[in-house]
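Input: a single structure, listed below in structure tokens.
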Amino acid sequence: MDTRQPLVLYVSGRITRADAPGLCADLECRLVGLDPADVVCDVGALTQADLAVVDALARLRLTAGRLGHTLRFRGVGQELRLLLALVGLDETVL
């Protein structure tokens, strides 16, 4: 039985397209050198749900995947859930 706790990344406030590279760089720094594992991205404190947020979350998922990790989203509100479903990322929601 695996008892390791997943790494949790908190994303909050208002996210713009300009924020995506910094979020990805932060995640990459936290993941480099770690064994592949689950990563949870908590988005419960986001203040809006729009395509800039979806873009940032998709990029975070790609960043984690390139490093061998699985990224899933927690705290997803109804509006964001609908947008994630629209772009095929709804299977990543916890």
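Following the order of the structure tokens, chains are lettered A, B, ..., residues in each are numbered from 1, and ligands are numbered from 1.
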Using DSSP secondary structure from the backbone, list all alpha helix (DSSP H) positions within chain A, as a ChimeraX atom specification. /A:20-31,51-66,78-86
Residues at most 10 Å from Asp38 of chain A, counting only C-alpha atoms, excluding those fewer than 4 positions away in the same chain, as a PDB file with all heavy atoms, in the first residue's frame?
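This is the output file out_2.pdb:
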ATOM      1  N   ARG A   4       2.289   7.491   0.583  1.00  0.00           N
ATOM      2  CA  ARG A   4       2.819   8.829   0.302  1.00  0.00           C
ATOM      3  C   ARG A   4       1.675   9.798   0.015  1.00  0.00           C
ATOM      4  O   ARG A   4       0.708   9.457  -0.643  1.00  0.00           O
ATOM      5  CB  ARG A   4       3.739   8.800  -0.912  1.00  0.00           C
ATOM      6  CG  ARG A   4       5.039   8.093  -0.667  1.00  0.00           C
ATOM      7  CD  ARG A   4       5.856   8.057  -1.921  1.00  0.00           C
ATOM      8  NE  ARG A   4       5.152   7.224  -2.893  1.00  0.00           N
ATOM      9  CZ  ARG A   4       5.392   7.208  -4.192  1.00  0.00           C
ATOM     10  NH1 ARG A   4       6.311   7.981  -4.695  1.00  0.00           N
ATOM     11  NH2 ARG A   4       4.728   6.422  -4.992  1.00  0.00           N
ATOM     12  N   GLN A   5       1.820  10.991   0.512  1.00  0.00           N
ATOM     13  CA  GLN A   5       0.851  12.042   0.238  1.00  0.00           C
ATOM     14  C   GLN A   5       1.256  12.747  -1.054  1.00  0.00           C
ATOM     15  O   GLN A   5       2.441  12.980  -1.292  1.00  0.00           O
ATOM     16  CB  GLN A   5       0.822  13.056   1.384  1.00  0.00           C
ATOM     17  CG  GLN A   5       0.331  12.477   2.681  1.00  0.00           C
ATOM     18  CD  GLN A   5      -1.112  12.041   2.591  1.00  0.00           C
ATOM     19  OE1 GLN A   5      -1.955  12.745   2.048  1.00  0.00           O
ATOM     20  NE2 GLN A   5      -1.402  10.856   3.101  1.00  0.00           N
ATOM     21  N   PRO A   6       0.283  13.092  -1.900  1.00  0.00           N
ATOM     22  CA  PRO A   6       0.647  13.788  -3.144  1.00  0.00           C
ATOM     23  C   PRO A   6       1.139  15.205  -2.860  1.00  0.00           C
ATOM     24  O   PRO A   6       0.766  15.816  -1.864  1.00  0.00           O
ATOM     25  CB  PRO A   6      -0.670  13.813  -3.930  1.00  0.00           C
ATOM     26  CG  PRO A   6      -1.737  13.697  -2.908  1.00  0.00           C
ATOM     27  CD  PRO A   6      -1.147  12.881  -1.777  1.00  0.00           C
ATOM     28  N   LEU A   7       1.980  15.684  -3.740  1.00  0.00           N
ATOM     29  CA  LEU A   7       2.401  17.075  -3.694  1.00  0.00           C
ATOM     30  C   LEU A   7       1.177  17.918  -4.042  1.00  0.00           C
ATOM     31  O   LEU A   7       0.430  17.574  -4.954  1.00  0.00           O
ATOM     32  CB  LEU A   7       3.509  17.313  -4.724  1.00  0.00           C
ATOM     33  CG  LEU A   7       3.959  18.750  -4.908  1.00  0.00           C
ATOM     34  CD1 LEU A   7       4.768  19.202  -3.706  1.00  0.00           C
ATOM     35  CD2 LEU A   7       4.780  18.875  -6.163  1.00  0.00           C
ATOM     36  N   VAL A   8       0.957  18.998  -3.305  1.00  0.00           N
ATOM     37  CA  VAL A   8      -0.192  19.862  -3.566  1.00  0.00           C
ATOM     38  C   VAL A   8       0.313  21.226  -4.004  1.00  0.00           C
ATOM     39  O   VAL A   8       1.142  21.851  -3.335  1.00  0.00           O
ATOM     40  CB  VAL A   8      -1.099  20.007  -2.335  1.00  0.00           C
ATOM     41  CG1 VAL A   8      -2.274  20.936  -2.638  1.00  0.00           C
ATOM     42  CG2 VAL A   8      -1.619  18.639  -1.889  1.00  0.00           C
ATOM     43  N   ALA A  64       3.763  18.686 -15.678  1.00  0.00           N
ATOM     44  CA  ALA A  64       3.856  17.530 -14.778  1.00  0.00           C
ATOM     45  C   ALA A  64       4.052  16.247 -15.574  1.00  0.00           C
ATOM     46  O   ALA A  64       4.891  15.412 -15.227  1.00  0.00           O
ATOM     47  CB  ALA A  64       2.597  17.440 -13.914  1.00  0.00           C
ATOM     48  N   GLY A  68       6.954  13.011 -15.788  1.00  0.00           N
ATOM     49  CA  GLY A  68       6.519  11.690 -15.349  1.00  0.00           C
ATOM     50  C   GLY A  68       5.479  11.677 -14.242  1.00  0.00           C
ATOM     51  O   GLY A  68       5.194  10.628 -13.683  1.00  0.00           O
ATOM     52  N   HIS A  69       4.910  12.824 -13.934  1.00  0.00           N
ATOM     53  CA  HIS A  69       3.935  12.926 -12.849  1.00  0.00           C
ATOM     54  C   HIS A  69       2.514  13.024 -13.419  1.00  0.00           C
ATOM     55  O   HIS A  69       2.321  13.413 -14.566  1.00  0.00           O
ATOM     56  CB  HIS A  69       4.226  14.159 -11.993  1.00  0.00           C
ATOM     57  CG  HIS A  69       5.583  14.128 -11.382  1.00  0.00           C
ATOM     58  ND1 HIS A  69       5.838  13.561 -10.153  1.00  0.00           N
ATOM     59  CD2 HIS A  69       6.781  14.576 -11.831  1.00  0.00           C
ATOM     60  CE1 HIS A  69       7.116  13.665  -9.867  1.00  0.00           C
ATOM     61  NE2 HIS A  69       7.717  14.281 -10.881  1.00  0.00           N
ATOM     62  N   THR A  70       1.552  12.705 -12.588  1.00  0.00           N
ATOM     63  CA  THR A  70       0.144  12.827 -12.949  1.00  0.00           C
ATOM     64  C   THR A  70      -0.440  14.000 -12.183  1.00  0.00           C
ATOM     65  O   THR A  70      -0.316  14.062 -10.959  1.00  0.00           O
ATOM     66  CB  THR A  70      -0.625  11.543 -12.565  1.00  0.00           C
ATOM     67  OG1 THR A  70      -0.015  10.440 -13.228  1.00  0.00           O
ATOM     68  CG2 THR A  70      -2.077  11.639 -12.970  1.00  0.00           C
ATOM     69  N   LEU A  71      -1.070  14.938 -12.894  1.00  0.00           N
ATOM     70  CA  LEU A  71      -1.658  16.117 -12.259  1.00  0.00           C
ATOM     71  C   LEU A  71      -3.169  16.029 -12.324  1.00  0.00           C
ATOM     72  O   LEU A  71      -3.739  15.765 -13.381  1.00  0.00           O
ATOM     73  CB  LEU A  71      -1.186  17.394 -12.967  1.00  0.00           C
ATOM     74  CG  LEU A  71      -1.673  18.697 -12.348  1.00  0.00           C
ATOM     75  CD1 LEU A  71      -0.793  19.054 -11.154  1.00  0.00           C
ATOM     76  CD2 LEU A  71      -1.648  19.822 -13.345  1.00  0.00           C
ATOM     77  N   ARG A  72      -3.807  16.237 -11.164  1.00  0.00           N
ATOM     78  CA  ARG A  72      -5.267  16.241 -11.086  1.00  0.00           C
ATOM     79  C   ARG A  72      -5.682  17.510 -10.348  1.00  0.00           C
ATOM     80  O   ARG A  72      -4.914  18.064  -9.568  1.00  0.00           O
ATOM     81  CB  ARG A  72      -5.762  14.999 -10.389  1.00  0.00           C
ATOM     82  CG  ARG A  72      -5.248  13.777 -11.150  1.00  0.00           C
ATOM     83  CD  ARG A  72      -5.841  12.473 -10.891  1.00  0.00           C
ATOM     84  NE  ARG A  72      -7.229  12.338 -10.661  1.00  0.00           N
ATOM     85  CZ  ARG A  72      -8.127  11.986 -11.587  1.00  0.00           C
ATOM     86  NH1 ARG A  72      -7.765  11.810 -12.831  1.00  0.00           N
ATOM     87  NH2 ARG A  72      -9.368  11.802 -11.256  1.00  0.00           N
TER      88      ARG A  72
END
My list of candidates is A:Leu94, A:Asp42, A:Leu80, A:Ser12. Which is closest to Asp55 of chain A when distances are computed with only C-alpha atoms?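 Between A:Leu94, A:Asp42, A:Leu80, A:Ser12, the residue approaching Asp55 of chain A most closely is A:Leu80.
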Which residues come within 9 Å of Thr47 of chain A, counting only C-alpha atoms, excluding same-chain residues fewer than 2 positions away, as a list in words? Ser12, Gly13, Arg14, Ile15, Gly44, Ala45 and Ala49 of chain A
All strand (DSSP E or B) positions in chain A, as an NGL selection string: :A and (7-13 or 38-46 or 70-74 or 93)
Smallest atom-to-atom distance to Gly75 of chain A: which of A:Val87, A:Leu23, A:Val43, A:Thr92, using only C-alpha atoms? A:Val43
Please measure the separation of atom CA of Thr16 of chain A and atom CA of Leu83 of chain A, giving the value in Å to one decimal. 15.5 Å
